[in-house]
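Report on the following structure.
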Amino acid sequence: MTRKPLNDHLRDYYQERSLRPEVLQRLLEVGSVGGDKSAGAAGRRRLDLRKRRPWVMMAGVAAVIGIALLVATIAGLGNRPKLARTVAREIASHHVKQLAVEIPARSFAELREKMAKLDFSMVASRRLMALRLVGGRYCSLRGQIAVQARLLDDAGGVYTLYQTRLTEELVGLDGAEAEIDGVRVQLWQEAGLQLGLAGSAD
Amino acid sequence: MDSDQDMAELLQRGFRYALSLTHDESRAEDLLQDAWVAVLAAGGTSSKGYLYAGIRSRFIDRYRRERLVVIESLDAEVGAALQARAPDEAILADVASLERALGSLRAEEREALYLSAAEGYSAGEIAALTGRPRGTVLSLIHRGRQKLLRLLAAGNVGAQR
């Protein structure tokens, strides 16, 4: 741990981050193809042909599944922004109420064990790594059973997390974000669940 | 095009800028690669501004398309009041704490802080690059700094207990 101005911390933090050597080399090779317009196409071909990550193939499979889901929910897409706003507003209003934590727990595993009535298995998302779980309570979101958990950050900031089973209605809400009356709400999906996190926008 | 060394430096800077937006190295690499190919396709210019603009627009397309409401509540008056820079006092921090704290910021705040602190851009230059009013840029920097200082201070207190 070192003592220096915040700007120096930031500069040093980013200065220590760099492209992986193999990626840098590939991009340099693409750049050395030439400065004409064909370079982009050539570069794109090269980048497409590279074996940049093993999960690229898996992403292709996932994309096919995604398209299938998209087709299945195409009728609801027109209402997606409105639905996302409705869900975010529901989460924000519950966050503001700060209802009591009925089931104390220090980890999602412990909370999962104590909340046996849930019809899904809640996840400890990586997005929540910087937050500390206090506990949770049963609630509902869009009419289905959900968990409402309370988390704190290092500065004492309070967050309300929702998790519920991902339904067809909610499929299009991954990545949505809103600020409602000073509450920032993030919606995302993982492990077959819809998650929503509310906290102060400041 | 420039020498390999110049290109490598430009790519590293582009990567760090993308990282300031995504706070995820894998996503930053993807953004940079796509923007780099587009730069080459457009004639191979080595302009940093051009590359940054490409990274930024791809970030918005890919990760912020679903964003519903963008709140830029700080007006010109608040921005003007922030022009007088607060003294940059020395603080204690380690890399892990800083990384966690940065992850709590909004992408816009990280971006403004990165361009200001790590790249040395003025608020006017950041405003030109990001298309935001200068007052908003100043407030993003101010808010980002305050959040970081608060989180780092809380982390240090916790660590010393």
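Chain labels A, B, ... are given in the sequence in which chains occur in the structure tokens; within each chain residues are numbered consecutively from 1, and ligands are likewise numbered from 1 in the order shown.
Summary of the local environment: counting only C-alpha atoms, residues at most 10 Å from region 188-195 of chain A, other than itself and those fewer than 5 positions away along its chain, are Phe120, Ser121, Met122, Val123, Ser125, Arg127, Leu141, Ala146, Val147, Leu161, Tyr162, Gln163, Thr164, Arg165, Leu166, Thr167, Leu170, Val171, Gly172, Leu173, Asp174, Gly175, Ala176 and Glu177 of chain A.
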Mind giving me the straight-line distance from CA of Asp24 (chain B) to CA of Arg85 (chain A) in Å, one decimal?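 Going from CA of Asp24 (chain B) over to CA of Arg85 (chain A), I get 26.4 Å.
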Could you check the closest approach to chain B for each of A:Asp202, A:Glu113, A:Glu169, A:Asp119 and tell me which residue wins, using only C-alpha atoms?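 Looking only at the distances to chain B, the closest residue turns out to be A:Asp202.
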May I ask which of the residues B:Glu125, B:Glu9, B:Glu111, B:Glu89 is the closest one to chain A, counting only C-alpha atoms?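 Looking only at the distances to chain A, the closest residue turns out to be B:Glu89.
Here the question is which of B:Ile91, B:Leu98, B:Leu11, B:Leu148 gets nearest to Val37 (chain B) using only C-alpha atoms, and that residue is B:Leu11.
A straight line drawn from CA of Phe108 (chain A) to CA of Gly135 (chain A) is 8.6 Å long.
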So which bits of region 12-155 of chain B end up alpha helix (DSSP H) when you DSSP the backbone, as JSON, numbers by chain? {"B": [12, 13, 14, 15, 16, 17, 18, 19, 20, 21, 22, 25, 26, 27, 28, 29, 30, 31, 32, 33, 34, 35, 36, 37, 38, 39, 40, 41, 48, 49, 50, 51, 52, 53, 54, 55, 56, 57, 58, 59, 60, 61, 62, 63, 76, 77, 78, 79, 80, 81, 95, 96, 97, 98, 99, 100, 101, 102, 103, 107, 108, 109, 110, 111, 112, 113, 123, 124, 125, 126, 127, 128, 129, 130, 134, 135, 136, 137, 138, 139, 140, 141, 142, 143, 144, 145, 146, 147, 148, 149, 150, 151, 152, 153, 154, 155]}
From B:Gly49, B:Gly131, B:Gly54, B:Gly103, residue lying nearest chain A [only C-alpha atoms]: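 Checking each of B:Gly49, B:Gly131, B:Gly54, B:Gly103 against chain A, counting only C-alpha atoms, the winner is B:Gly103.
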Report as a list of chain:residue names all protein, DNA and RNA residues lying within 8 Å of Val134 (chain A), evaluated on only C-alpha atoms, omitting residues in the same chain fewer than 4 positions from it.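 These residues fall inside the cut-off: A:Val101, A:Pro104, A:Ala105, A:Arg106, A:Ala149, A:Arg150, A:Leu151, A:Leu152.
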How would you write, as a short mmCIF file (atom, residue, chain, number, x, y, z; two decimals) with all heavy atoms, in the first residue's frame, the set of residues in region 59-196 of chain A that DSSP gives as strand (DSSP E)?
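Okay, selection-v2.cif is ready:
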data_model
loop_
_atom_site.label_atom_id
_atom_site.label_comp_id
_atom_site.auth_asym_id
_atom_site.auth_seq_id
_atom_site.Cartn_x
_atom_site.Cartn_y
_atom_site.Cartn_z
N ILE A 103 -34.17 -12.51 7.05
CA ILE A 103 -33.34 -13.72 7.13
C ILE A 103 -31.87 -13.29 7.04
O ILE A 103 -31.34 -13.10 5.93
CB ILE A 103 -33.69 -14.69 5.98
CG1 ILE A 103 -35.19 -14.99 6.00
CG2 ILE A 103 -32.87 -15.96 6.07
CD1 ILE A 103 -35.70 -15.64 4.74
N PRO A 104 -31.21 -13.13 8.17
CA PRO A 104 -29.81 -12.72 8.13
C PRO A 104 -28.93 -13.80 7.50
O PRO A 104 -29.16 -15.00 7.72
CB PRO A 104 -29.43 -12.51 9.60
CG PRO A 104 -30.72 -12.52 10.35
CD PRO A 104 -31.69 -13.31 9.55
N ARG A 132 -21.03 -6.62 0.42
CA ARG A 132 -21.15 -7.59 1.52
C ARG A 132 -22.63 -7.88 1.77
O ARG A 132 -23.42 -6.95 1.95
CB ARG A 132 -20.50 -7.00 2.77
CG ARG A 132 -20.50 -7.89 3.98
CD ARG A 132 -19.52 -7.34 5.01
NE ARG A 132 -19.79 -5.95 5.36
CZ ARG A 132 -20.69 -5.57 6.26
NH1 ARG A 132 -21.41 -6.48 6.90
NH2 ARG A 132 -20.88 -4.29 6.54
N LEU A 133 -22.96 -9.16 1.79
CA LEU A 133 -24.37 -9.56 2.00
C LEU A 133 -24.73 -9.44 3.49
O LEU A 133 -23.96 -9.82 4.36
CB LEU A 133 -24.56 -11.00 1.52
CG LEU A 133 -25.96 -11.59 1.67
CD1 LEU A 133 -26.93 -10.88 0.73
CD2 LEU A 133 -25.95 -13.09 1.38
N VAL A 134 -25.92 -8.89 3.73
CA VAL A 134 -26.42 -8.77 5.10
C VAL A 134 -27.52 -9.81 5.36
O VAL A 134 -27.59 -10.42 6.41
CB VAL A 134 -27.00 -7.36 5.34
CG1 VAL A 134 -27.59 -7.25 6.74
CG2 VAL A 134 -25.92 -6.31 5.13
N GLY A 135 -28.37 -10.00 4.37
CA GLY A 135 -29.45 -10.97 4.52
C GLY A 135 -30.52 -10.73 3.47
O GLY A 135 -30.29 -9.97 2.52
N GLY A 136 -31.66 -11.38 3.63
CA GLY A 136 -32.68 -11.22 2.60
C GLY A 136 -34.08 -11.50 3.11
O GLY A 136 -34.30 -11.70 4.32
N ARG A 137 -35.02 -11.51 2.21
CA ARG A 137 -36.42 -11.79 2.53
C ARG A 137 -37.10 -12.27 1.25
O ARG A 137 -36.62 -12.01 0.16
CB ARG A 137 -37.13 -10.55 3.05
CG ARG A 137 -37.05 -9.38 2.09
CD ARG A 137 -37.66 -8.11 2.66
NE ARG A 137 -39.09 -8.27 2.81
CZ ARG A 137 -39.81 -7.78 3.83
NH1 ARG A 137 -39.20 -7.10 4.78
NH2 ARG A 137 -41.11 -7.94 3.88
N TYR A 138 -38.22 -12.97 1.44
CA TYR A 138 -39.00 -13.38 0.27
C TYR A 138 -39.75 -12.16 -0.26
O TYR A 138 -40.17 -11.29 0.52
CB TYR A 138 -40.02 -14.46 0.65
CG TYR A 138 -39.41 -15.79 0.98
CD1 TYR A 138 -39.28 -16.22 2.28
CD2 TYR A 138 -38.95 -16.64 -0.03
CE1 TYR A 138 -38.72 -17.45 2.60
CE2 TYR A 138 -38.40 -17.87 0.27
CZ TYR A 138 -38.29 -18.27 1.60
OH TYR A 138 -37.74 -19.48 1.90
N CYS A 139 -39.93 -12.12 -1.54
CA CYS A 139 -40.75 -11.07 -2.13
C CYS A 139 -41.22 -11.58 -3.49
O CYS A 139 -41.02 -12.75 -3.83
CB CYS A 139 -39.96 -9.78 -2.28
SG CYS A 139 -38.63 -9.91 -3.47
N SER A 140 -41.83 -10.70 -4.25
CA SER A 140 -42.22 -11.11 -5.60
C SER A 140 -41.81 -10.03 -6.59
O SER A 140 -41.70 -8.85 -6.23
CB SER A 140 -43.73 -11.34 -5.67
OG SER A 140 -44.40 -10.12 -5.54
N LEU A 141 -41.55 -10.47 -7.78
CA LEU A 141 -41.19 -9.55 -8.85
C LEU A 141 -41.95 -10.01 -10.10
O LEU A 141 -41.83 -11.17 -10.49
CB LEU A 141 -39.68 -9.57 -9.10
CG LEU A 141 -39.14 -8.52 -10.04
CD1 LEU A 141 -39.28 -7.12 -9.45
CD2 LEU A 141 -37.67 -8.78 -10.36
N GLN A 144 -43.94 -13.24 -9.58
CA GLN A 144 -43.37 -14.55 -9.26
C GLN A 144 -42.41 -14.42 -8.08
O GLN A 144 -41.87 -13.34 -7.81
CB GLN A 144 -42.68 -15.17 -10.47
CG GLN A 144 -41.55 -14.37 -11.03
CD GLN A 144 -40.89 -15.11 -12.18
OE1 GLN A 144 -41.32 -16.17 -12.59
NE2 GLN A 144 -39.82 -14.55 -12.71
N ILE A 145 -42.20 -15.54 -7.42
CA ILE A 145 -41.40 -15.52 -6.20
C ILE A 145 -39.98 -15.05 -6.50
O ILE A 145 -39.39 -15.40 -7.53
CB ILE A 145 -41.42 -16.91 -5.52
CG1 ILE A 145 -40.80 -16.80 -4.12
CG2 ILE A 145 -40.67 -17.94 -6.34
CD1 ILE A 145 -41.10 -18.02 -3.25
N ALA A 146 -39.47 -14.24 -5.58
CA ALA A 146 -38.13 -13.67 -5.77
C ALA A 146 -37.47 -13.52 -4.41
O ALA A 146 -38.13 -13.63 -3.37
CB ALA A 146 -38.23 -12.30 -6.45
N VAL A 147 -36.17 -13.30 -4.44
CA VAL A 147 -35.46 -12.98 -3.21
C VAL A 147 -35.04 -11.52 -3.28
O VAL A 147 -34.62 -11.02 -4.33
CB VAL A 147 -34.23 -13.90 -2.99
CG1 VAL A 147 -33.25 -13.81 -4.14
CG2 VAL A 147 -33.54 -13.57 -1.69
N GLN A 148 -35.20 -10.84 -2.16
CA GLN A 148 -34.77 -9.45 -2.06
C GLN A 148 -33.67 -9.44 -1.01
O GLN A 148 -33.92 -9.70 0.17
CB GLN A 148 -35.95 -8.58 -1.62
CG GLN A 148 -35.59 -7.12 -1.43
CD GLN A 148 -36.76 -6.33 -0.84
OE1 GLN A 148 -37.89 -6.76 -0.88
NE2 GLN A 148 -36.46 -5.18 -0.29
N ALA A 149 -32.46 -9.17 -1.44
CA ALA A 149 -31.32 -9.22 -0.51
C ALA A 149 -30.77 -7.83 -0.27
O ALA A 149 -30.87 -6.96 -1.14
CB ALA A 149 -30.23 -10.12 -1.08
N ARG A 150 -30.21 -7.63 0.90
CA ARG A 150 -29.57 -6.35 1.19
C ARG A 150 -28.05 -6.55 1.24
O ARG A 150 -27.55 -7.51 1.84
CB ARG A 150 -30.06 -5.78 2.52
CG ARG A 150 -29.42 -4.41 2.81
CD ARG A 150 -30.11 -3.70 3.93
NE ARG A 150 -31.52 -3.53 3.64
CZ ARG A 150 -32.43 -3.22 4.56
NH1 ARG A 150 -32.07 -3.05 5.81
NH2 ARG A 150 -33.69 -3.08 4.22
N LEU A 151 -27.36 -5.62 0.62
CA LEU A 151 -25.89 -5.68 0.59
C LEU A 151 -25.34 -4.31 0.93
O LEU A 151 -26.00 -3.28 0.72
CB LEU A 151 -25.40 -6.11 -0.80
CG LEU A 151 -25.89 -7.47 -1.30
CD1 LEU A 151 -27.00 -7.28 -2.32
CD2 LEU A 151 -24.76 -8.27 -1.91
N LEU A 152 -24.11 -4.31 1.41
CA LEU A 152 -23.45 -3.05 1.76
C LEU A 152 -22.11 -2.97 1.05
O LEU A 152 -21.45 -3.99 0.83
CB LEU A 152 -23.19 -2.98 3.28
CG LEU A 152 -24.40 -3.08 4.21
CD1 LEU A 152 -23.92 -3.12 5.66
CD2 LEU A 152 -25.35 -1.90 4.00
N VAL A 158 -25.92 1.30 0.86
CA VAL A 158 -26.88 0.19 0.92
C VAL A 158 -27.38 -0.14 -0.49
O VAL A 158 -27.72 0.76 -1.27
CB VAL A 158 -28.08 0.56 1.81
CG1 VAL A 158 -29.09 -0.58 1.86
CG2 VAL A 158 -27.61 0.91 3.21
N TYR A 159 -27.44 -1.42 -0.81
CA TYR A 159 -27.92 -1.88 -2.11
C TYR A 159 -29.01 -2.94 -1.89
O TYR A 159 -28.97 -3.68 -0.90
CB TYR A 159 -26.78 -2.53 -2.92
CG TYR A 159 -25.69 -1.55 -3.28
CD1 TYR A 159 -24.71 -1.20 -2.36
CD2 TYR A 159 -25.64 -0.96 -4.54
CE1 TYR A 159 -23.72 -0.29 -2.67
CE2 TYR A 159 -24.66 -0.05 -4.87
CZ TYR A 159 -23.70 0.28 -3.92
OH TYR A 159 -22.73 1.19 -4.24
N THR A 160 -29.95 -2.97 -2.80
CA THR A 160 -30.99 -3.99 -2.75
C THR A 160 -30.89 -4.84 -4.01
O THR A 160 -30.90 -4.30 -5.13
CB THR A 160 -32.39 -3.35 -2.67
OG1 THR A 160 -32.42 -2.49 -1.53
CG2 THR A 160 -33.47 -4.42 -2.52
N LEU A 161 -30.78 -6.12 -3.80
CA LEU A 161 -30.62 -7.04 -4.92
C LEU A 161 -31.87 -7.90 -5.06
O LEU A 161 -32.40 -8.40 -4.07
CB LEU A 161 -29.41 -7.95 -4.68
CG LEU A 161 -29.23 -9.10 -5.68
CD1 LEU A 161 -28.67 -8.57 -6.99
CD2 LEU A 161 -28.31 -10.18 -5.11
N TYR A 162 -32.30 -8.07 -6.29
CA TYR A 162 -33.40 -8.97 -6.60
C TYR A 162 -32.90 -10.12 -7.44
O TYR A 162 -32.09 -9.91 -8.35
CB TYR A 162 -34.49 -8.24 -7.38
CG TYR A 162 -35.47 -7.52 -6.51
CD1 TYR A 162 -35.18 -6.24 -6.04
CD2 TYR A 162 -36.67 -8.11 -6.13
CE1 TYR A 162 -36.07 -5.57 -5.23
CE2 TYR A 162 -37.56 -7.44 -5.31
CZ TYR A 162 -37.25 -6.18 -4.86
OH TYR A 162 -38.13 -5.53 -4.04
N GLN A 163 -33.41 -11.30 -7.16
CA GLN A 163 -33.15 -12.44 -8.04
C GLN A 163 -34.45 -13.20 -8.19
O GLN A 163 -35.15 -13.46 -7.20
CB GLN A 163 -32.08 -13.38 -7.47
CG GLN A 163 -30.70 -12.75 -7.36
CD GLN A 163 -29.60 -13.78 -7.12
OE1 GLN A 163 -29.80 -14.98 -7.30
NE2 GLN A 163 -28.43 -13.30 -6.72
N THR A 164 -34.74 -13.54 -9.42
CA THR A 164 -35.93 -14.37 -9.67
C THR A 164 -35.67 -15.21 -10.91
O THR A 164 -34.73 -14.93 -11.67
CB THR A 164 -37.19 -13.50 -9.83
OG1 THR A 164 -38.34 -14.35 -9.85
CG2 THR A 164 -37.15 -12.70 -11.13
N ARG A 165 -36.49 -16.22 -11.09
CA ARG A 165 -36.31 -17.09 -12.24
C ARG A 165 -36.56 -16.32 -13.53
O ARG A 165 -37.46 -15.49 -13.60
CB ARG A 165 -37.28 -18.28 -12.12
CG ARG A 165 -36.90 -19.52 -12.88
CD ARG A 165 -37.56 -20.76 -12.27
NE ARG A 165 -38.92 -20.53 -11.82
CZ ARG A 165 -39.98 -20.50 -12.63
NH1 ARG A 165 -39.83 -20.67 -13.93
NH2 ARG A 165 -41.19 -20.30 -12.15
N GLU A 177 -30.46 -0.51 -17.75
CA GLU A 177 -30.02 0.30 -16.61
C GLU A 177 -30.88 1.56 -16.55
O GLU A 177 -31.24 2.10 -17.59
CB GLU A 177 -28.55 0.67 -16.82
CG GLU A 177 -27.91 1.32 -15.63
CD GLU A 177 -26.40 1.49 -15.86
OE1 GLU A 177 -25.81 0.63 -16.52
OE2 GLU A 177 -25.87 2.49 -15.38
N ALA A 178 -31.20 1.99 -15.36
CA ALA A 178 -32.04 3.18 -15.25
C ALA A 178 -31.73 3.93 -13.96
O ALA A 178 -31.24 3.35 -12.99
CB ALA A 178 -33.51 2.77 -15.26
N GLU A 179 -31.99 5.19 -13.97
CA GLU A 179 -31.92 5.98 -12.75
C GLU A 179 -33.31 6.55 -12.50
O GLU A 179 -33.87 7.24 -13.36
CB GLU A 179 -30.89 7.11 -12.88
CG GLU A 179 -29.48 6.60 -12.72
CD GLU A 179 -28.45 7.71 -12.64
OE1 GLU A 179 -28.84 8.85 -12.34
OE2 GLU A 179 -27.28 7.43 -12.88
N ILE A 180 -33.85 6.21 -11.33
CA ILE A 180 -35.22 6.62 -11.01
C ILE A 180 -35.22 7.28 -9.65
O ILE A 180 -34.90 6.65 -8.64
CB ILE A 180 -36.16 5.39 -11.02
CG1 ILE A 180 -36.21 4.80 -12.43
CG2 ILE A 180 -37.55 5.78 -10.56
CD1 ILE A 180 -36.73 3.40 -12.51
N VAL A 183 -32.25 6.70 -7.57
CA VAL A 183 -31.86 5.30 -7.39
C VAL A 183 -31.39 4.75 -8.73
O VAL A 183 -32.08 4.88 -9.75
CB VAL A 183 -33.04 4.44 -6.87
CG1 VAL A 183 -32.62 2.98 -6.74
CG2 VAL A 183 -33.52 4.98 -5.53
N ARG A 184 -30.20 4.18 -8.72
CA ARG A 184 -29.69 3.56 -9.95
C ARG A 184 -30.03 2.08 -9.93
O ARG A 184 -29.73 1.38 -8.95
CB ARG A 184 -28.16 3.74 -10.00
CG ARG A 184 -27.52 3.16 -11.24
CD ARG A 184 -26.01 3.27 -11.12
NE ARG A 184 -25.34 2.69 -12.28
CZ ARG A 184 -24.10 2.21 -12.26
NH1 ARG A 184 -23.40 2.25 -11.14
NH2 ARG A 184 -23.56 1.71 -13.34
N VAL A 185 -30.65 1.60 -10.99
CA VAL A 185 -31.05 0.19 -11.07
C VAL A 185 -30.37 -0.46 -12.27
O VAL A 185 -30.42 0.07 -13.38
CB VAL A 185 -32.58 0.05 -11.21
CG1 VAL A 185 -32.98 -1.42 -11.32
CG2 VAL A 185 -33.29 0.71 -10.04
N GLN A 186 -29.71 -1.56 -12.02
CA GLN A 186 -29.09 -2.32 -13.10
C GLN A 186 -29.79 -3.68 -13.20
O GLN A 186 -29.99 -4.34 -12.19
CB GLN A 186 -27.61 -2.56 -12.81
CG GLN A 186 -26.79 -1.30 -12.64
CD GLN A 186 -25.41 -1.59 -12.09
OE1 GLN A 186 -24.55 -2.10 -12.80
NE2 GLN A 186 -25.21 -1.29 -10.83
N LEU A 187 -30.13 -4.06 -14.41
CA LEU A 187 -30.77 -5.36 -14.65
C LEU A 187 -29.84 -6.21 -15.50
O LEU A 187 -29.30 -5.73 -16.49
CB LEU A 187 -32.10 -5.16 -15.39
CG LEU A 187 -33.15 -4.27 -14.71
CD1 LEU A 187 -34.33 -4.05 -15.66
CD2 LEU A 187 -33.61 -4.89 -13.42
N TRP A 188 -29.66 -7.44 -15.09
CA TRP A 188 -28.88 -8.33 -15.92
C TRP A 188 -29.33 -9.77 -15.68
O TRP A 188 -30.10 -10.03 -14.75
CB TRP A 188 -27.38 -8.16 -15.68
CG TRP A 188 -26.83 -8.75 -14.43
CD1 TRP A 188 -26.22 -9.95 -14.28
CD2 TRP A 188 -26.79 -8.12 -13.12
NE1 TRP A 188 -25.80 -10.12 -12.97
CE2 TRP A 188 -26.15 -9.04 -12.25
CE3 TRP A 188 -27.25 -6.92 -12.61
CZ2 TRP A 188 -25.95 -8.75 -10.90
CZ3 TRP A 188 -27.05 -6.63 -11.26
CH2 TRP A 188 -26.41 -7.54 -10.43
N GLN A 189 -28.84 -10.66 -16.51
CA GLN A 189 -29.27 -12.05 -16.43
C GLN A 189 -28.06 -12.97 -16.40
O GLN A 189 -27.10 -12.74 -17.14
CB GLN A 189 -30.14 -12.38 -17.65
CG GLN A 189 -31.46 -11.61 -17.63
CD GLN A 189 -32.16 -11.56 -18.96
OE1 GLN A 189 -31.64 -12.04 -19.96
NE2 GLN A 189 -33.33 -10.94 -18.99
N GLU A 190 -28.12 -13.94 -15.55
CA GLU A 190 -27.08 -14.98 -15.55
C GLU A 190 -27.63 -16.22 -14.87
O GLU A 190 -28.51 -16.14 -14.02
CB GLU A 190 -25.79 -14.48 -14.89
CG GLU A 190 -25.87 -14.11 -13.44
CD GLU A 190 -24.53 -13.63 -12.90
OE1 GLU A 190 -23.72 -14.47 -12.46
OE2 GLU A 190 -24.29 -12.41 -12.93
N LEU A 193 -31.28 -16.75 -14.35
CA LEU A 193 -32.01 -15.87 -13.43
C LEU A 193 -32.01 -14.43 -13.94
O LEU A 193 -31.12 -14.01 -14.68
CB LEU A 193 -31.34 -15.89 -12.05
CG LEU A 193 -31.24 -17.24 -11.33
CD1 LEU A 193 -30.57 -17.03 -9.97
CD2 LEU A 193 -32.61 -17.85 -11.15
N GLN A 194 -33.03 -13.69 -13.52
CA GLN A 194 -33.05 -12.25 -13.74
C GLN A 194 -32.59 -11.59 -12.45
O GLN A 194 -33.10 -11.89 -11.37
CB GLN A 194 -34.48 -11.78 -14.07
CG GLN A 194 -34.63 -10.27 -14.17
CD GLN A 194 -33.89 -9.71 -15.39
OE1 GLN A 194 -34.09 -10.16 -16.50
NE2 GLN A 194 -33.02 -8.74 -15.16
N LEU A 195 -31.60 -10.73 -12.56
CA LEU A 195 -31.10 -10.02 -11.39
C LEU A 195 -31.33 -8.53 -11.56
O LEU A 195 -31.30 -8.00 -12.68
CB LEU A 195 -29.59 -10.28 -11.19
CG LEU A 195 -29.22 -11.69 -10.73
CD1 LEU A 195 -29.02 -12.61 -11.91
CD2 LEU A 195 -27.95 -11.66 -9.88
N GLY A 196 -31.54 -7.87 -10.45
CA GLY A 196 -31.68 -6.42 -10.45
C GLY A 196 -31.01 -5.86 -9.21
O GLY A 196 -31.21 -6.39 -8.11
#
What does the distance from CA of Ala155 (chain A) to CA of Ala154 (chain B) come to in Å, to one decimal?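 Interatomic distance here is 5.1 Å.
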Name all residues at most 12 Å from Ser47 (chain B) (count only C-alpha atoms; drop same-chain ones fewer than 6 positions away) and give them as a PDB file with N, CA and C atoms, in the first residue's frame.
ATOM      1  N   MET B   1       1.555   4.526 -42.517  1.00  0.00           N
ATOM      2  CA  MET B   1       1.328   4.296 -41.082  1.00  0.00           C
ATOM      3  C   MET B   1       2.650   4.500 -40.343  1.00  0.00           C
ATOM      4  N   ASP B   2       2.575   4.631 -39.051  1.00  0.00           N
ATOM      5  CA  ASP B   2       3.755   4.909 -38.256  1.00  0.00           C
ATOM      6  C   ASP B   2       4.571   3.639 -38.032  1.00  0.00           C
ATOM      7  N   ASP B   6       5.304   3.141 -32.621  1.00  0.00           N
ATOM      8  CA  ASP B   6       4.224   4.120 -32.478  1.00  0.00           C
ATOM      9  C   ASP B   6       2.876   3.411 -32.446  1.00  0.00           C
ATOM     10  N   MET B   7       2.735   2.419 -33.335  1.00  0.00           N
ATOM     11  CA  MET B   7       1.467   1.685 -33.373  1.00  0.00           C
ATOM     12  C   MET B   7       1.230   0.931 -32.066  1.00  0.00           C
ATOM     13  N   GLU B   9       2.334   1.700 -29.137  1.00  0.00           N
ATOM     14  CA  GLU B   9       1.971   2.675 -28.095  1.00  0.00           C
ATOM     15  C   GLU B   9       0.510   3.109 -28.242  1.00  0.00           C
ATOM     16  N   LEU B  10       0.098   3.334 -29.485  1.00  0.00           N
ATOM     17  CA  LEU B  10      -1.288   3.729 -29.737  1.00  0.00           C
ATOM     18  C   LEU B  10      -2.250   2.619 -29.304  1.00  0.00           C
ATOM     19  N   LEU B  11      -1.896   1.386 -29.615  1.00  0.00           N
ATOM     20  CA  LEU B  11      -2.755   0.252 -29.245  1.00  0.00           C
ATOM     21  C   LEU B  11      -2.843   0.090 -27.726  1.00  0.00           C
ATOM     22  N   ARG B  13      -2.522   2.427 -25.540  1.00  0.00           N
ATOM     23  CA  ARG B  13      -3.358   3.517 -25.022  1.00  0.00           C
ATOM     24  C   ARG B  13      -4.830   3.251 -25.314  1.00  0.00           C
ATOM     25  N   GLY B  14      -5.073   2.740 -26.506  1.00  0.00           N
ATOM     26  CA  GLY B  14      -6.454   2.405 -26.849  1.00  0.00           C
ATOM     27  C   GLY B  14      -7.008   1.348 -25.916  1.00  0.00           C
ATOM     28  N   TRP B  36      -9.891  -1.027 -34.076  1.00  0.00           N
ATOM     29  CA  TRP B  36      -8.624  -0.995 -34.823  1.00  0.00           C
ATOM     30  C   TRP B  36      -8.852  -1.400 -36.283  1.00  0.00           C
ATOM     31  N   VAL B  39     -10.480   1.397 -38.021  1.00  0.00           N
ATOM     32  CA  VAL B  39      -9.529   2.475 -38.306  1.00  0.00           C
ATOM     33  C   VAL B  39      -8.749   2.148 -39.584  1.00  0.00           C
ATOM     34  N   LEU B  40      -8.309   0.918 -39.674  1.00  0.00           N
ATOM     35  CA  LEU B  40      -7.544   0.510 -40.856  1.00  0.00           C
ATOM     36  C   LEU B  40      -8.416   0.549 -42.112  1.00  0.00           C
ATOM     37  N   ALA B  53     -12.567   7.420 -30.514  1.00  0.00           N
ATOM     38  CA  ALA B  53     -13.969   7.608 -30.904  1.00  0.00           C
ATOM     39  C   ALA B  53     -14.577   6.277 -31.345  1.00  0.00           C
ATOM     40  N   GLY B  54     -13.785   5.469 -32.067  1.00  0.00           N
ATOM     41  CA  GLY B  54     -14.258   4.153 -32.503  1.00  0.00           C
ATOM     42  C   GLY B  54     -14.510   3.233 -31.327  1.00  0.00           C
TER      43      GLY B  54
END
